[in-house]
Amino acid sequence: LFLATLTYDTLRFEYEDFPETKEPVWILGRKYSVFTEKEEILLDVTSRLWFTYRKNFPAIGGTGPTSDTGWGCMLRCGQMIFAQALVCRHLGRDWRWIKGKRQMDNYFNVLNAFIDKKDSYYSIHQIAQMGVGEGKSIGQWYGPNTVAQVLKKLATFDTWSSLAVHIAMDNTVAMEEIRRLCQSNLPCAGAAACPAVESDVLYNGYPEEAGVRDRLSLWKPLVLLIPLRLGLTEINEAYIETLKHCFMMPQSLGVIGGKPNSAHYFIGYVGEELIYLDPHTTQPAVEPNDSGCLPDESFHCQHPPCRMSIAELDPSIAVGFFCNTEEDFNDWCQQIKKLSLVRGALPMFELVERQPSHFSNPDVLNLTPDSSDADRLERFFDSEDEDFEILSL
């Protein structure tokens, strides 16, 4: 309802939608006061890349849908959490988008990686088509785990960002595994899968020497995604404090989840409410203008963000973190260990030195178990996210 009354030309933020509270507002690891930092809060929110349903884009696969309205909300949330990782990687957490101000090239490089066309690294086209290999037909709804697995595969081709993407399954984060992944100083992750520089990379507008400097560094920037189930049909209250703490960490990329068939990108919280960006607005697909510039205003949410009670959160989520350096990762590990000592906070996942041998290998995609027991259990858990991880039967 609120969305309908606002246009992208709103020159001033409407503040009354944000609660007047003494509680701190946390946005992706930054702490704000509503009373003294309203402008800063809203500028931070507006600076996040906001991906919504689009219409009239080139047909997916050449003959498929030209709009993702009604089915693409989790794919858009996956784009948003990953875009935040790319912003941190290439622009830094302090970067801000200001309407009308000329942005640096790296900003447009990040944005171009998500544009609705088949040759953008993380476009709706790429995500939908990569999902076919995971048993998802084009136009089918994804759960948080599926979109995380697909984004991990697509990141292999993004040599410009040169990311190490780890998806921690079985509610377990194994430090040794992550260090091995981030310290694998190969010329290119999965060399056979990397696009030729002159074709794909330059076509996307990326510099020719992209990633060369980073390949020589000892630590690949880490995107850590942790698919979780925090209850059966509703979130277990015991996890709420831990979830809040995730938004306090400077490494926070936020959380993707929402309600069945209605996904949101959660970027923070205030009091007992989560703050989120909502993809459920259909906008026309954007094309570069005559001068080759990409009009970018529709990729930034220029009104106060949505809020919902934490208790309403669907228990199937994926939590994201970005560690640019090994020091960032070590710091994150220390914070997670301290979190286990917080009273009234039940750990959402376990941090271990190495993965127990009986656990499934998290680098092996096993999104469609064929055991009838697994199928029965998955349907019991959540019919909307049929491929959520239940491998340890």
# chains A, B, ... in the order shown; residues from 1 in each chain; ligands from 1
>>> residues_around(residues="Pro356 of chain A", least_positions_apart="5", cutoff="12 Å", atoms="only C-alpha atoms", output="list in words")
Asp170, Thr172, Val173, Ala174, Met175, Glu176, Glu177, Glu350, Leu351, Asn361 and Pro362 of chain A
>>> write_last_selection(atoms="C-alpha atoms", output="PDB file, in the first residue's frame")
ATOM      1  CA  ASP A 170      24.318 -29.643   7.860  1.00  0.00           C
ATOM      2  CA  THR A 172      27.996 -26.779  10.343  1.00  0.00           C
ATOM      3  CA  VAL A 173      30.736 -24.341   9.340  1.00  0.00           C
ATOM      4  CA  ALA A 174      34.107 -26.102   9.043  1.00  0.00           C
ATOM      5  CA  MET A 175      36.955 -23.587   9.343  1.00  0.00           C
ATOM      6  CA  GLU A 176      39.553 -25.847   7.735  1.00  0.00           C
ATOM      7  CA  GLU A 177      37.407 -26.292   4.632  1.00  0.00           C
ATOM      8  CA  GLU A 350      28.013 -25.063  14.746  1.00  0.00           C
ATOM      9  CA  LEU A 351      31.530 -23.753  14.101  1.00  0.00           C
ATOM     10  CA  ASN A 361      30.565 -33.121   1.451  1.00  0.00           C
ATOM     11  CA  PRO A 362      29.134 -29.579   1.168  1.00  0.00           C
TER      12      PRO A 362
END
>>> residues_around(residues="Met348 of chain A", least_positions_apart="5", cutoff="8 Å", atoms="only C-alpha atoms", output="ChimeraX atom specification")
/A:171,228,230,239,242-243
>>> residues_around(residues="Gly258 of chain A", least_positions_apart="4", cutoff="6 Å", atoms="only C-alpha atoms", output="mmCIF file with N, CA and C atoms, in the first residue's frame")
data_model
loop_
_atom_site.group_PDB
_atom_site.id
_atom_site.type_symbol
_atom_site.label_atom_id
_atom_site.label_comp_id
_atom_site.auth_asym_id
_atom_site.auth_seq_id
_atom_site.Cartn_x
_atom_site.Cartn_y
_atom_site.Cartn_z
ATOM 1 N N SER A 262 6.951 -16.223 -0.762
ATOM 2 C CA SER A 262 7.082 -14.772 -0.714
ATOM 3 C C SER A 262 8.409 -14.428 -0.053
ATOM 4 N N ALA A 263 9.442 -14.258 -0.861
ATOM 5 C CA ALA A 263 10.792 -14.088 -0.320
ATOM 6 C C ALA A 263 11.140 -12.617 -0.121
ATOM 7 N N HIS A 264 11.968 -12.347 0.881
ATOM 8 C CA HIS A 264 12.460 -10.994 1.169
ATOM 9 C C HIS A 264 13.965 -11.056 1.414
ATOM 10 N N LEU A 313 8.824 -14.709 10.601
ATOM 11 C CA LEU A 313 9.791 -15.213 9.618
ATOM 12 C C LEU A 313 9.606 -16.708 9.395
ATOM 13 N N ASP A 314 9.575 -17.107 8.118
ATOM 14 C CA ASP A 314 9.538 -18.533 7.797
ATOM 15 C C ASP A 314 10.843 -19.168 8.291
#
>>> residues_around(residues="Leu346 of chain A", least_positions_apart="4", cutoff="9 Å", atoms="only C-alpha atoms", output="list of chain:residue names")
A:Ala238, A:Tyr239, A:Ile240, A:Glu241, A:Thr242, A:Leu339, A:Ser340, A:Val342
>>> residues_around(residues="Leu253 of chain A", least_positions_apart="5", cutoff="10 Å", atoms="only C-alpha atoms", output="PyMOL selection string")
chain A and resi 27-29+80-85+88+223-225+246-247+265-268+319-323
>>> residues_around(residues="Pro227 of chain A", least_positions_apart="4", cutoff="6 Å", atoms="only C-alpha atoms", output="PyMOL selection string")
chain A and resi 145+317-318
>>> write_last_selection(atoms="N, CA, C and O atoms", output="JSON list (two decimals), in the first residue's frame")
[["chain", "number", "residue", "atom", "x", "y", "z"],
["A", 145, "ASN", "N", 18.13, -22.44, -0.13],
["A", 145, "ASN", "CA", 19.26, -23.32, -0.40],
["A", 145, "ASN", "C", 19.54, -23.43, -1.90],
["A", 145, "ASN", "O", 20.68, -23.35, -2.34],
["A", 317, "ILE", "N", 15.75, -20.26, 5.98],
["A", 317, "ILE", "CA", 16.48, -19.04, 5.60],
["A", 317, "ILE", "C", 17.88, -19.42, 5.11],
["A", 317, "ILE", "O", 18.30, -20.56, 5.25],
["A", 318, "ALA", "N", 18.58, -18.45, 4.57],
["A", 318, "ALA", "CA", 20.03, -18.58, 4.36],
["A", 318, "ALA", "C", 20.66, -17.29, 4.87],
["A", 318, "ALA", "O", 20.23, -16.20, 4.51]]
>>> atom_distance(atom1="atom CA of Asn109 of chain A", atom2="atom CA of Ile226 of chain A")
26.6 Å
>>> closest_residue(among="A:Gln183, A:Glu273, A:Phe349, A:His245", to="Ala311 of chain A", atoms="only C-alpha atoms")
A:Glu273
>>> closest_residue(among="A:Phe108, A:Phe329, A:Tyr269, A:Tyr142", to="Cys73 of chain A", atoms="only C-alpha atoms")
A:Tyr142
>>> select_by_dssp(residues="segment 240-269 of chain A", states="strand (DSSP E)", output="list in words")
Ser252, Leu253, Gly254, Val255, Ile256, Gly257, Gly258, Lys259, Ser262, Ala263, His264, Tyr265, Phe266, Ile267, Gly268 and Tyr269 of chain A
>>> atom_distance(atom1="atom CA of Gln126 of chain A", atom2="atom CA of Gly257 of chain A")
20.6 Å
>>> closest_residue(among="A:Arg179, A:Lys117, A:Arg30, A:Lys338", to="Val286 of chain A", atoms="only C-alpha atoms")
A:Lys117
>>> closest_residue(among="A:Asn236, A:Lys55, A:Thr325, A:Asp116", to="Ala164 of chain A", atoms="only C-alpha atoms")
A:Thr325
>>> atom_distance(atom1="atom CA of Thr52 of chain A", atom2="atom CA of Thr281 of chain A")
5.8 Å
>>> decode(residues="segment 169-181 of chain A", atoms="N, CA and C atoms", output="compact mmCIF listing (two decimals), in the first residue's frame")
# COMPACT_ATOMS: atom_id res chain seq x y z
N MET A 169 26.63 -26.63 4.76
CA MET A 169 25.46 -27.50 4.92
C MET A 169 25.49 -28.16 6.30
N ASP A 170 24.43 -28.88 6.61
CA ASP A 170 24.32 -29.64 7.86
C ASP A 170 24.47 -28.75 9.09
N ASN A 171 24.11 -27.45 8.97
CA ASN A 171 24.20 -26.52 10.11
C ASN A 171 25.61 -26.46 10.68
N THR A 172 26.61 -26.70 9.85
CA THR A 172 28.00 -26.78 10.34
C THR A 172 28.92 -25.97 9.45
N VAL A 173 29.72 -25.09 10.07
CA VAL A 173 30.74 -24.34 9.34
C VAL A 173 32.09 -24.91 9.74
N ALA A 174 32.80 -25.50 8.77
CA ALA A 174 34.11 -26.10 9.04
C ALA A 174 35.20 -25.12 8.62
N MET A 175 35.95 -24.62 9.60
CA MET A 175 36.95 -23.59 9.34
C MET A 175 38.05 -24.07 8.39
N GLU A 176 38.48 -25.30 8.57
CA GLU A 176 39.55 -25.85 7.74
C GLU A 176 39.15 -25.84 6.26
N GLU A 177 37.91 -26.22 6.00
CA GLU A 177 37.41 -26.29 4.63
C GLU A 177 37.41 -24.91 3.98
N ILE A 178 36.99 -23.90 4.75
CA ILE A 178 36.95 -22.53 4.22
C ILE A 178 38.35 -22.01 3.96
N ARG A 179 39.27 -22.28 4.89
CA ARG A 179 40.65 -21.81 4.68
C ARG A 179 41.26 -22.45 3.43
N ARG A 180 40.96 -23.73 3.24
CA ARG A 180 41.49 -24.42 2.06
C ARG A 180 40.93 -23.79 0.77
N LEU A 181 39.65 -23.47 0.81
CA LEU A 181 38.99 -22.87 -0.35
C LEU A 181 39.54 -21.48 -0.66
